[in-house]
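File shown: data_1.pdb (PDB, C-alpha atoms, pLDDT in the B column).
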```pdb
ATOM      1  CA  MET A 298      -6.310  37.118 -25.157  1.00 47.00           C
ATOM      2  CA  PHE A 299      -3.812  39.772 -24.120  1.00 48.00           C
ATOM      3  CA  SER A 300      -1.516  39.088 -27.033  1.00 47.00           C
ATOM      4  CA  LYS A 301      -4.412  39.663 -29.427  1.00 47.00           C
ATOM      5  CA  LYS A 302      -5.103  42.971 -27.784  1.00 46.00           C
ATOM      6  CA  SER A 303      -1.534  44.150 -28.038  1.00 46.00           C
ATOM      7  CA  ASN A 304      -1.577  43.241 -31.721  1.00 47.00           C
ATOM      8  CA  ASP A 305      -4.698  45.337 -32.198  1.00 48.00           C
ATOM      9  CA  ILE A 306      -3.281  48.407 -30.517  1.00 45.00           C
ATOM     10  CA  PRO A 307      -0.777  49.503 -33.180  1.00 48.00           C
ATOM     11  CA  GLU A 308      -3.440  49.192 -35.911  1.00 47.00           C
ATOM     12  CA  ASN A 309      -6.070  51.212 -34.030  1.00 45.00           C
ATOM     13  CA  SER A 310      -3.779  53.639 -32.209  1.00 43.00           C
ATOM     14  CA  SER A 311      -4.696  56.460 -34.647  1.00 45.00           C
ATOM     15  CA  ASP A 312      -8.328  56.511 -33.481  1.00 46.00           C
ATOM     16  CA  GLU A 313      -9.309  56.164 -29.784  1.00 46.00           C
ATOM     17  CA  SER A 314     -12.971  55.393 -30.494  1.00 45.00           C
ATOM     18  CA  GLN A 315     -11.916  52.524 -32.710  1.00 46.00           C
ATOM     19  CA  ASN A 316      -9.627  51.302 -29.999  1.00 47.00           C
ATOM     20  CA  ALA A 317     -12.505  51.340 -27.504  1.00 43.00           C
ATOM     21  CA  TYR A 318     -14.598  49.396 -29.971  1.00 46.00           C
ATOM     22  CA  SER A 319     -11.929  46.793 -30.509  1.00 45.00           C
ATOM     23  CA  GLU A 320     -11.714  45.952 -26.821  1.00 45.00           C
ATOM     24  CA  PRO A 321     -15.129  44.272 -26.447  1.00 46.00           C
ATOM     25  CA  VAL A 322     -14.439  42.397 -29.669  1.00 44.00           C
ATOM     26  CA  THR A 323     -11.301  40.823 -28.238  1.00 43.00           C
ATOM     27  CA  GLU A 324     -13.132  39.944 -25.017  1.00 44.00           C
ATOM     28  CA  VAL A 325     -15.983  38.291 -26.897  1.00 44.00           C
ATOM     29  CA  ALA A 326     -13.382  36.321 -28.774  1.00 43.00           C
ATOM     30  CA  GLY A 327     -11.787  35.332 -25.468  1.00 41.00           C
ATOM     31  CA  GLU A 328     -14.972  34.135 -23.758  1.00 42.00           C
ATOM     32  CA  PRO A 329     -15.865  31.162 -25.959  1.00 43.00           C
ATOM     33  CA  ASP A 330     -12.246  30.074 -25.721  1.00 44.00           C
ATOM     34  CA  GLN A 331     -12.485  29.835 -21.920  1.00 43.00           C
ATOM     35  CA  SER A 332     -15.830  28.056 -21.778  1.00 41.00           C
ATOM     36  CA  TYR A 333     -14.599  25.612 -24.381  1.00 43.00           C
ATOM     37  CA  GLY A 334     -11.685  24.867 -22.065  1.00 40.00           C
ATOM     38  CA  TYR A 335     -14.035  24.102 -19.166  1.00 43.00           C
ATOM     39  CA  GLU A 336     -16.193  21.851 -21.319  1.00 44.00           C
ATOM     40  CA  ASN A 337     -13.115  19.993 -22.392  1.00 46.00           C
ATOM     41  CA  ASN A 338     -12.053  19.346 -18.806  1.00 47.00           C
ATOM     42  CA  ALA A 339     -15.514  18.089 -17.883  1.00 45.00           C
ATOM     43  CA  ASN A 340     -15.542  15.747 -20.867  1.00 47.00           C
ATOM     44  CA  ARG A 341     -12.184  14.359 -19.916  1.00 49.00           C
ATOM     45  CA  ALA A 342     -13.219  13.714 -16.297  1.00 45.00           C
ATOM     46  CA  ASN A 343     -16.552  12.056 -17.142  1.00 49.00           C
ATOM     47  CA  PRO A 344     -15.477   8.578 -18.298  1.00 53.00           C
ATOM     48  CA  ILE A 345     -13.192   7.769 -15.314  1.00 61.00           C
ATOM     49  CA  LYS A 346     -14.678   9.981 -12.573  1.00 77.00           C
ATOM     50  CA  PRO A 347     -11.870   9.805 -10.003  1.00 89.00           C
ATOM     51  CA  SER A 348     -12.392  12.019  -6.993  1.00 92.00           C
ATOM     52  CA  ILE A 349      -9.144  13.720  -6.097  1.00 93.00           C
ATOM     53  CA  ILE A 350      -8.055  15.073  -2.748  1.00 94.00           C
ATOM     54  CA  SER A 351      -4.994  16.935  -3.895  1.00 94.00           C
ATOM     55  CA  GLU A 352      -1.831  17.749  -1.998  1.00 94.00           C
ATOM     56  CA  GLY A 353      -2.300  20.481   0.585  1.00 94.00           C
ATOM     57  CA  PHE A 354      -6.014  19.748   0.873  1.00 94.00           C
ATOM     58  CA  GLU A 355      -7.248  18.712   4.303  1.00 95.00           C
ATOM     59  CA  PHE A 356     -10.689  17.210   4.686  1.00 95.00           C
ATOM     60  CA  VAL A 357     -12.412  16.426   7.965  1.00 96.00           C
ATOM     61  CA  GLY A 358     -15.532  14.300   7.806  1.00 96.00           C
ATOM     62  CA  THR A 359     -17.010  11.387   5.910  1.00 96.00           C
ATOM     63  CA  ILE A 360     -16.358  10.686   2.246  1.00 94.00           C
ATOM     64  CA  THR A 361     -18.503   8.210   0.340  1.00 94.00           C
ATOM     65  CA  SER A 362     -17.850   7.414  -3.294  1.00 92.00           C
ATOM     66  CA  GLU A 363     -19.039   4.732  -5.709  1.00 90.00           C
ATOM     67  CA  GLY A 364     -15.936   5.234  -7.753  1.00 92.00           C
ATOM     68  CA  VAL A 365     -12.247   5.846  -7.501  1.00 94.00           C
ATOM     69  CA  LEU A 366     -10.746   8.121  -4.886  1.00 95.00           C
ATOM     70  CA  ASN A 367      -7.224   9.479  -5.178  1.00 95.00           C
ATOM     71  CA  ILE A 368      -5.843  10.935  -1.975  1.00 96.00           C
ATOM     72  CA  SER A 369      -2.723  13.093  -2.047  1.00 96.00           C
ATOM     73  CA  GLY A 370      -3.879  15.351   0.753  1.00 96.00           C
ATOM     74  CA  VAL A 371      -5.121  14.677   4.256  1.00 97.00           C
ATOM     75  CA  ILE A 372      -8.414  13.073   5.271  1.00 96.00           C
ATOM     76  CA  LYS A 373      -9.475  12.866   8.879  1.00 97.00           C
ATOM     77  CA  GLY A 374     -12.578  10.786   9.199  1.00 96.00           C
ATOM     78  CA  LYS A 375     -14.326   7.926   7.468  1.00 96.00           C
ATOM     79  CA  VAL A 376     -13.676   7.030   3.847  1.00 96.00           C
ATOM     80  CA  THR A 377     -15.844   4.660   1.839  1.00 96.00           C
ATOM     81  CA  ALA A 378     -15.141   4.091  -1.846  1.00 95.00           C
ATOM     82  CA  LYS A 379     -14.909   1.356  -4.452  1.00 94.00           C
ATOM     83  CA  SER A 380     -11.229   1.965  -4.985  1.00 95.00           C
ATOM     84  CA  VAL A 381      -8.859   4.133  -2.977  1.00 96.00           C
ATOM     85  CA  LEU A 382      -5.359   5.232  -3.848  1.00 96.00           C
ATOM     86  CA  ILE A 383      -3.378   6.959  -1.136  1.00 96.00           C
ATOM     87  CA  ASP A 384      -0.454   8.705  -2.770  1.00 96.00           C
ATOM     88  CA  SER A 385       2.953   9.159  -1.159  1.00 96.00           C
ATOM     89  CA  SER A 386       1.926  12.561   0.193  1.00 96.00           C
ATOM     90  CA  GLY A 387      -1.495  11.295   1.267  1.00 96.00           C
ATOM     91  CA  LEU A 388      -2.659  10.641   4.822  1.00 96.00           C
ATOM     92  CA  VAL A 389      -5.834   9.057   6.084  1.00 96.00           C
ATOM     93  CA  GLU A 390      -6.595   9.308   9.769  1.00 97.00           C
ATOM     94  CA  GLY A 391      -9.645   7.234  10.484  1.00 96.00           C
ATOM     95  CA  GLU A 392     -11.570   4.362   9.013  1.00 95.00           C
ATOM     96  CA  LEU A 393     -11.171   3.196   5.441  1.00 96.00           C
ATOM     97  CA  PHE A 394     -13.700   0.925   3.718  1.00 96.00           C
ATOM     98  CA  SER A 395     -13.010  -0.086   0.157  1.00 96.00           C
ATOM     99  CA  ASP A 396     -12.869  -2.980  -2.307  1.00 95.00           C
ATOM    100  CA  GLN A 397      -9.425  -2.040  -3.504  1.00 95.00           C
ATOM    101  CA  VAL A 398      -6.851  -0.091  -1.540  1.00 96.00           C
ATOM    102  CA  MET A 399      -3.418   0.989  -2.688  1.00 96.00           C
ATOM    103  CA  VAL A 400      -1.347   2.679  -0.001  1.00 97.00           C
ATOM    104  CA  LYS A 401       1.745   4.637  -0.958  1.00 97.00           C
ATOM    105  CA  GLY A 402       1.349   7.168   1.836  1.00 97.00           C
ATOM    106  CA  LYS A 403       0.170   6.892   5.397  1.00 96.00           C
ATOM    107  CA  VAL A 404      -2.876   5.384   7.074  1.00 97.00           C
ATOM    108  CA  LEU A 405      -3.507   5.806  10.787  1.00 97.00           C
ATOM    109  CA  GLY A 406      -6.612   3.824  11.528  1.00 96.00           C
ATOM    110  CA  ASP A 407      -8.514   0.764  10.491  1.00 96.00           C
ATOM    111  CA  ILE A 408      -8.660  -0.577   6.945  1.00 97.00           C
ATOM    112  CA  ASN A 409     -11.428  -2.873   5.786  1.00 96.00           C
ATOM    113  CA  CYS A 410     -10.978  -4.043   2.213  1.00 96.00           C
ATOM    114  CA  GLN A 411     -10.912  -6.915  -0.274  1.00 96.00           C
ATOM    115  CA  GLU A 412      -7.630  -6.235  -1.979  1.00 95.00           C
ATOM    116  CA  LEU A 413      -4.861  -4.398  -0.195  1.00 96.00           C
ATOM    117  CA  ASN A 414      -1.630  -3.240  -1.786  1.00 96.00           C
ATOM    118  CA  ILE A 415       1.011  -1.559   0.330  1.00 96.00           C
ATOM    119  CA  GLY A 416       3.874   0.250  -1.367  1.00 96.00           C
ATOM    120  CA  PRO A 417       7.507   0.328  -0.242  1.00 95.00           C
ATOM    121  CA  LEU A 418       7.323   3.763   1.393  1.00 95.00           C
ATOM    122  CA  ALA A 419       3.910   3.307   2.967  1.00 96.00           C
ATOM    123  CA  GLU A 420       3.072   3.443   6.645  1.00 95.00           C
ATOM    124  CA  VAL A 421       0.048   1.710   8.127  1.00 96.00           C
ATOM    125  CA  ASP A 422      -0.884   1.748  11.782  1.00 96.00           C
ATOM    126  CA  GLY A 423      -4.153   0.137  12.692  1.00 95.00           C
ATOM    127  CA  SER A 424      -6.331  -2.897  12.378  1.00 96.00           C
ATOM    128  CA  VAL A 425      -6.454  -4.336   8.876  1.00 96.00           C
ATOM    129  CA  SER A 426      -9.115  -6.683   7.601  1.00 96.00           C
ATOM    130  CA  TYR A 427      -8.448  -8.018   4.101  1.00 95.00           C
ATOM    131  CA  ASP A 428      -9.109 -10.757   1.614  1.00 95.00           C
ATOM    132  CA  SER A 429      -5.913 -10.509  -0.390  1.00 95.00           C
ATOM    133  CA  VAL A 430      -2.804  -8.595   0.555  1.00 94.00           C
ATOM    134  CA  HIS A 431       0.419  -7.616  -1.147  1.00 95.00           C
ATOM    135  CA  ILE A 432       3.077  -5.799   0.807  1.00 95.00           C
ATOM    136  CA  GLN A 433       6.106  -4.524  -1.014  1.00 95.00           C
ATOM    137  CA  ARG A 434       9.445  -4.640   0.746  1.00 94.00           C
ATOM    138  CA  GLY A 435       9.977  -1.594   2.921  1.00 91.00           C
ATOM    139  CA  GLY A 436       6.382  -0.940   3.883  1.00 91.00           C
ATOM    140  CA  LYS A 437       6.035  -0.175   7.589  1.00 93.00           C
ATOM    141  CA  ILE A 438       3.012  -1.833   9.093  1.00 94.00           C
ATOM    142  CA  LYS A 439       1.879  -2.045  12.682  1.00 95.00           C
ATOM    143  CA  GLY A 440      -1.352  -3.391  14.034  1.00 95.00           C
ATOM    144  CA  HIS A 441      -3.680  -6.329  13.861  1.00 95.00           C
ATOM    145  CA  PHE A 442      -4.156  -8.233  10.613  1.00 95.00           C
ATOM    146  CA  ILE A 443      -7.286 -10.270   9.962  1.00 94.00           C
ATOM    147  CA  LYS A 444      -7.795 -12.336   6.847  1.00 92.00           C
ATOM    148  CA  LYS A 445     -11.498 -12.518   6.013  1.00 87.00           C
TER     149      LYS A 445
ATOM    150  CA  MET B 287      18.637 -24.477  -1.458  1.00 52.00           C
ATOM    151  CA  VAL B 288      21.075 -26.949   0.041  1.00 51.00           C
ATOM    152  CA  ASP B 289      24.509 -25.392   0.310  1.00 53.00           C
ATOM    153  CA  ALA B 290      27.697 -27.366  -0.211  1.00 59.00           C
ATOM    154  CA  ASN B 291      28.678 -26.442   3.320  1.00 71.00           C
ATOM    155  CA  GLN B 292      25.986 -27.808   5.553  1.00 81.00           C
ATOM    156  CA  SER B 293      27.670 -27.236   8.890  1.00 88.00           C
ATOM    157  CA  GLY B 294      25.402 -25.500  11.340  1.00 91.00           C
ATOM    158  CA  CYS B 295      22.294 -26.225   9.279  1.00 94.00           C
ATOM    159  CA  LEU B 296      19.088 -28.073  10.068  1.00 94.00           C
ATOM    160  CA  PHE B 297      16.980 -29.742   7.423  1.00 95.00           C
ATOM    161  CA  VAL B 298      13.605 -31.155   8.300  1.00 95.00           C
ATOM    162  CA  GLY B 299      12.375 -33.308   5.451  1.00 96.00           C
ATOM    163  CA  GLU B 300       8.774 -33.725   4.384  1.00 96.00           C
ATOM    164  CA  GLY B 301       6.907 -36.114   6.654  1.00 96.00           C
ATOM    165  CA  VAL B 302       9.315 -35.600   9.555  1.00 96.00           C
ATOM    166  CA  ILE B 303       7.838 -34.381  12.811  1.00 96.00           C
ATOM    167  CA  LEU B 304      10.308 -32.746  15.149  1.00 95.00           C
ATOM    168  CA  LYS B 305       9.397 -31.872  18.700  1.00 96.00           C
ATOM    169  CA  GLY B 306      11.523 -29.737  21.008  1.00 95.00           C
ATOM    170  CA  ASN B 307      13.468 -26.520  21.066  1.00 95.00           C
ATOM    171  CA  PHE B 308      16.221 -25.978  18.499  1.00 95.00           C
ATOM    172  CA  ALA B 309      19.085 -23.521  18.220  1.00 96.00           C
ATOM    173  CA  VAL B 310      20.536 -23.541  14.722  1.00 95.00           C
ATOM    174  CA  PRO B 311      23.684 -21.485  14.007  1.00 95.00           C
ATOM    175  CA  ASP B 312      23.007 -21.124  10.299  1.00 95.00           C
ATOM    176  CA  ILE B 313      20.104 -22.172   8.065  1.00 95.00           C
ATOM    177  CA  ALA B 314      17.045 -24.087   9.191  1.00 96.00           C
ATOM    178  CA  SER B 315      15.026 -25.417   6.289  1.00 96.00           C
ATOM    179  CA  VAL B 316      11.711 -26.946   7.219  1.00 96.00           C
ATOM    180  CA  SER B 317       9.641 -29.114   4.879  1.00 97.00           C
ATOM    181  CA  GLY B 318       8.158 -31.191   7.643  1.00 97.00           C
ATOM    182  CA  VAL B 319       6.664 -30.227  10.971  1.00 97.00           C
ATOM    183  CA  VAL B 320       8.487 -28.576  13.854  1.00 96.00           C
ATOM    184  CA  GLU B 321       6.663 -28.406  17.153  1.00 97.00           C
ATOM    185  CA  GLY B 322       8.563 -26.140  19.488  1.00 96.00           C
ATOM    186  CA  ASP B 323      10.825 -23.127  19.427  1.00 96.00           C
ATOM    187  CA  LEU B 324      13.322 -22.598  16.668  1.00 96.00           C
ATOM    188  CA  SER B 325      16.059 -20.004  16.528  1.00 96.00           C
ATOM    189  CA  ALA B 326      18.391 -19.731  13.551  1.00 96.00           C
ATOM    190  CA  LYS B 327      20.247 -17.228  11.408  1.00 96.00           C
ATOM    191  CA  GLN B 328      17.934 -17.972   8.540  1.00 96.00           C
ATOM    192  CA  VAL B 329      14.687 -19.925   8.540  1.00 97.00           C
ATOM    193  CA  ILE B 330      13.156 -21.280   5.363  1.00 97.00           C
ATOM    194  CA  VAL B 331       9.740 -22.870   5.592  1.00 97.00           C
ATOM    195  CA  GLU B 332       8.951 -24.799   2.449  1.00 97.00           C
ATOM    196  CA  ALA B 333       5.420 -25.194   1.095  1.00 97.00           C
ATOM    197  CA  SER B 334       4.865 -28.432   2.999  1.00 96.00           C
ATOM    198  CA  GLY B 335       6.528 -27.073   6.141  1.00 97.00           C
ATOM    199  CA  LEU B 336       4.845 -26.115   9.371  1.00 97.00           C
ATOM    200  CA  ILE B 337       6.325 -24.611  12.499  1.00 97.00           C
ATOM    201  CA  ARG B 338       4.134 -24.588  15.570  1.00 96.00           C
ATOM    202  CA  GLY B 339       6.034 -22.531  18.101  1.00 96.00           C
ATOM    203  CA  LYS B 340       8.273 -19.534  18.480  1.00 96.00           C
ATOM    204  CA  VAL B 341      10.579 -18.701  15.590  1.00 97.00           C
ATOM    205  CA  VAL B 342      13.465 -16.267  15.979  1.00 97.00           C
ATOM    206  CA  ALA B 343      15.805 -15.519  13.072  1.00 97.00           C
ATOM    207  CA  GLU B 344      17.536 -12.771  11.125  1.00 97.00           C
ATOM    208  CA  SER B 345      15.747 -13.582   7.931  1.00 96.00           C
ATOM    209  CA  VAL B 346      12.693 -15.727   7.409  1.00 97.00           C
ATOM    210  CA  ASP B 347      11.273 -16.988   4.137  1.00 97.00           C
ATOM    211  CA  ILE B 348       7.866 -18.636   4.346  1.00 97.00           C
ATOM    212  CA  ARG B 349       6.173 -20.761   1.719  1.00 97.00           C
ATOM    213  CA  GLY B 350       4.477 -22.975   4.289  1.00 97.00           C
ATOM    214  CA  GLU B 351       2.981 -22.120   7.642  1.00 97.00           C
ATOM    215  CA  VAL B 352       4.187 -20.562  10.859  1.00 96.00           C
ATOM    216  CA  ALA B 353       1.847 -20.399  13.831  1.00 94.00           C
ATOM    217  CA  GLU B 354       2.167 -18.686  17.215  1.00 92.00           C
ATOM    218  CA  GLN B 355       5.118 -16.300  17.194  1.00 95.00           C
ATOM    219  CA  LEU B 356       7.653 -15.031  14.682  1.00 96.00           C
ATOM    220  CA  THR B 357      10.556 -12.614  15.016  1.00 96.00           C
ATOM    221  CA  ALA B 358      12.643 -11.618  12.001  1.00 97.00           C
ATOM    222  CA  SER B 359      15.328  -9.115  12.949  1.00 96.00           C
ATOM    223  CA  ARG B 360      16.320  -8.433   9.346  1.00 95.00           C
ATOM    224  CA  SER B 361      13.831  -9.500   6.737  1.00 95.00           C
ATOM    225  CA  LEU B 362      10.594 -11.407   6.537  1.00 96.00           C
ATOM    226  CA  ILE B 363       9.161 -12.692   3.278  1.00 97.00           C
ATOM    227  CA  ILE B 364       5.786 -14.385   3.117  1.00 96.00           C
ATOM    228  CA  ARG B 365       5.406 -16.026  -0.292  1.00 97.00           C
ATOM    229  CA  SER B 366       2.086 -16.491  -2.077  1.00 96.00           C
ATOM    230  CA  SER B 367       1.539 -19.915  -0.499  1.00 96.00           C
ATOM    231  CA  GLY B 368       2.768 -18.764   2.912  1.00 96.00           C
ATOM    232  CA  LYS B 369       0.628 -18.504   6.003  1.00 96.00           C
ATOM    233  CA  VAL B 370       1.537 -16.763   9.227  1.00 96.00           C
ATOM    234  CA  GLY B 371      -0.491 -16.571  12.382  1.00 96.00           C
ATOM    235  CA  GLY B 372       0.082 -15.056  15.788  1.00 95.00           C
ATOM    236  CA  SER B 373       2.381 -12.290  16.829  1.00 96.00           C
ATOM    237  CA  VAL B 374       4.930 -11.090  14.269  1.00 96.00           C
ATOM    238  CA  HIS B 375       7.940  -8.850  14.946  1.00 96.00           C
ATOM    239  CA  TYR B 376       9.870  -7.679  11.910  1.00 95.00           C
ATOM    240  CA  ALA B 377      12.326  -5.080  10.633  1.00 95.00           C
ATOM    241  CA  GLU B 378      11.471  -5.377   6.970  1.00 95.00           C
ATOM    242  CA  ILE B 379       8.487  -7.186   5.546  1.00 95.00           C
ATOM    243  CA  GLU B 380       7.313  -8.344   2.166  1.00 96.00           C
ATOM    244  CA  ILE B 381       4.138 -10.263   1.476  1.00 95.00           C
ATOM    245  CA  GLU B 382       3.508 -11.664  -1.957  1.00 95.00           C
ATOM    246  CA  LYS B 383      -0.003 -11.547  -3.295  1.00 94.00           C
ATOM    247  CA  GLY B 384      -1.886 -14.525  -1.921  1.00 93.00           C
ATOM    248  CA  GLY B 385       0.174 -14.735   1.232  1.00 95.00           C
ATOM    249  CA  SER B 386      -1.812 -14.854   4.433  1.00 95.00           C
ATOM    250  CA  LEU B 387      -1.197 -13.017   7.660  1.00 95.00           C
ATOM    251  CA  HIS B 388      -3.486 -13.279  10.642  1.00 95.00           C
ATOM    252  CA  GLY B 389      -2.305 -11.659  13.823  1.00 95.00           C
ATOM    253  CA  ASP B 390      -0.461  -8.720  15.292  1.00 95.00           C
ATOM    254  CA  LEU B 391       2.316  -6.968  13.427  1.00 94.00           C
ATOM    255  CA  HIS B 392       5.056  -5.133  15.285  1.00 94.00           C
ATOM    256  CA  LEU B 393       7.894  -3.138  13.831  1.00 93.00           C
ATOM    257  CA  ILE B 394      11.202  -3.718  15.637  1.00 89.00           C
TER     258      ILE B 394
END
```
Would you mind writing the file out in structure tokens?
Amino acid sequence: MFSKKSNDIPENSSDESQNAYSEPVTEVAGEPDQSYGYENNANRANPIKPSIISEGFEFVGTITSEGVLNISGVIKGKVTAKSVLIDSSGLVEGELFSDQVMVKGKVLGDINCQELNIGPLAEVDGSVSYDSVHIQRGGKIKGHFIKK
Amino acid sequence: MVDANQSGCLFVGEGVILKGNFAVPDIASVSGVVEGDLSAKQVIVEASGLIRGKVVAESVDIRGEVAEQLTASRSLIIRSSGKVGGSVHYAEIEIEKGGSLHGDLHLI
């Protein structure tokens, strides 16, 4: 948008009124570009629909999702989702209910799930109720384990 | 599995039931049943193996079942057919998919 404007300036520099006229033209040209970008993002997110708690984001409360939840930030509270991925920078303090759980970060609290996968750098402290578990070497786990 | 040098090792074959407390300097490989406490440098519980008692070792590899108490000061591996119950103390743990753990986990 700005580069277009700077290109216009040398052409219209002779007449100020023309220059003033050219400005709205460049902005009109810029607007559809932006909205197209937003539409594109929405289209891309629609088929998978992962909810993302990004790094640096802290959430306190209850999260309920029918889909996939990616946690790179901090959640303090109750999390319910079909599938949860806790990234290496992610932290969940509280209860976690999910069909599928992949922990690469930290969980302080209880986990209730069908399929649990714990990565090599993960930390889990709490009561874990599971159907199937896979713990990779290096994962630090404390607490009570219950196989359903 | 069976080393050429078997000194200091204990092998419990399938169908054997061993009762008592055992101190093994090197490897204890269990395919049968051990009822009692077992301490060794390395404990291997084969798929048909069962230890009912307290197990203390540096490294433990479980394809069978260990009930009651387990301490692995170096590494603990629960294979897909493995089953562990009771209190578990470990320094490093790995559980293969399908492996079962029912009890308390403590990090040493």
Practice task
Could you list the residues in chain B lying within 6 Å of chain A, using all atoms listed in the file, and format the result as JSON, numbers by chain?
Solution key: {"B": [378, 379, 380, 381, 382, 383, 384, 388, 389, 390, 391, 392]}
Practice task
For the structure provided, state which residues fall under the PyMOL selection byres ((chain B and resi 374) around 7), and present them as a ChimeraX atom specification.
Solution key: /B:355-357,372-373,375-376,390-392
Got time to write the residues from that selection, C-alpha atoms, as a CSV table (one decimal), in the frame of the given file?
```csv
chain,number,residue,atom,x,y,z
B,355,GLN,CA,5.1,-16.3,17.2
B,356,LEU,CA,7.7,-15.0,14.7
B,357,THR,CA,10.6,-12.6,15.0
B,372,GLY,CA,0.1,-15.1,15.8
B,373,SER,CA,2.4,-12.3,16.8
B,375,HIS,CA,7.9,-8.8,14.9
B,376,TYR,CA,9.9,-7.7,11.9
B,390,ASP,CA,-0.5,-8.7,15.3
B,391,LEU,CA,2.3,-7.0,13.4
B,392,HIS,CA,5.1,-5.1,15.3
```
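Atom pair atom CA of Thr377 of chain A / atom CA of Ser386 of chain B has a distance of 24.2 Å (rounded to one decimal).
Residues captured in this structure file are A:Thr359, A:Ile360, A:Ser362, A:Glu363, A:Val376, A:Thr377, A:Ala378, according to the PyMOL selection byres ((chain A and resi 361) around 8).
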Handout entry: Spatial neighbours of Ile330 of chain B, 9 Å, all atoms listed in the file, chain gap at least 5 places, as an NGL selection string
Key = :B and (313-317 or 335 or 345-350)
Exercise for the section: Quick one: apply the PyMOL selection byres ((chain B and resi 309) around 9) to the file and drop the selected residues here as a count of residues only. Expected result: 8
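Taking atom CA of Ser293 of chain B and atom CA of Glu351 of chain B as endpoints, the distance between them is 25.2 Å.
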Practice task
Calculate how many Å separate atom CA of Gly306 of chain B from atom CA of Gly294 of chain B, rounding to one decimal.
Solution key: 17.4 Å
Put a box with edges along x, y and z around all the listed atoms of segment 376-384 of chain B, pad it by 4 Å on each side, then give me its centre and sizes in Å, one decimal, as JSON.
```
{"center_x": 5.2, "center_y": -9.8, "center_z": 4.3, "size_x": 22.2, "size_y": 17.4, "size_z": 23.2}
```
Handout entry: Residue contacts of Ile349 of chain A (6 Å, only C-alpha atoms) excluding same-chain residues fewer than 3 positions away, as JSON, numbers by chain
Key = {"A": [366, 367, 368]}
Can you sort out segment 415-426 of chain A so it carries N, CA and C atoms, written as a compact mmCIF listing (two decimals), keeping the file's coordinate frame?
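Result file follows (selection-v5.txt):
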```txt
# COMPACT_ATOMS: atom_id res chain seq x y z
N ILE A 415 0.25 -2.53 -0.46
CA ILE A 415 1.01 -1.56 0.33
C ILE A 415 2.36 -1.34 -0.32
N GLY A 416 2.64 -0.11 -0.66
CA GLY A 416 3.87 0.25 -1.37
C GLY A 416 5.08 0.29 -0.44
N PRO A 417 6.27 0.42 -1.03
CA PRO A 417 7.51 0.33 -0.24
C PRO A 417 7.73 1.49 0.74
N LEU A 418 7.11 2.62 0.51
CA LEU A 418 7.32 3.76 1.39
C LEU A 418 6.11 4.02 2.29
N ALA A 419 5.17 3.09 2.25
CA ALA A 419 3.91 3.31 2.97
C ALA A 419 4.04 3.05 4.47
N GLU A 420 3.16 3.68 5.21
CA GLU A 420 3.07 3.44 6.64
C GLU A 420 1.62 3.16 7.01
N VAL A 421 1.40 2.06 7.69
CA VAL A 421 0.05 1.71 8.13
C VAL A 421 0.09 1.39 9.61
N ASP A 422 -0.79 2.03 10.35
CA ASP A 422 -0.88 1.75 11.78
C ASP A 422 -2.35 1.59 12.13
N GLY A 423 -2.75 0.36 12.36
CA GLY A 423 -4.15 0.14 12.69
C GLY A 423 -4.55 -1.28 12.39
N SER A 424 -5.81 -1.57 12.62
CA SER A 424 -6.33 -2.90 12.38
C SER A 424 -6.69 -3.05 10.90
N VAL A 425 -6.24 -4.14 10.30
CA VAL A 425 -6.45 -4.34 8.88
C VAL A 425 -7.21 -5.63 8.64
N SER A 426 -8.33 -5.51 7.96
CA SER A 426 -9.12 -6.68 7.60
C SER A 426 -9.11 -6.78 6.08
```
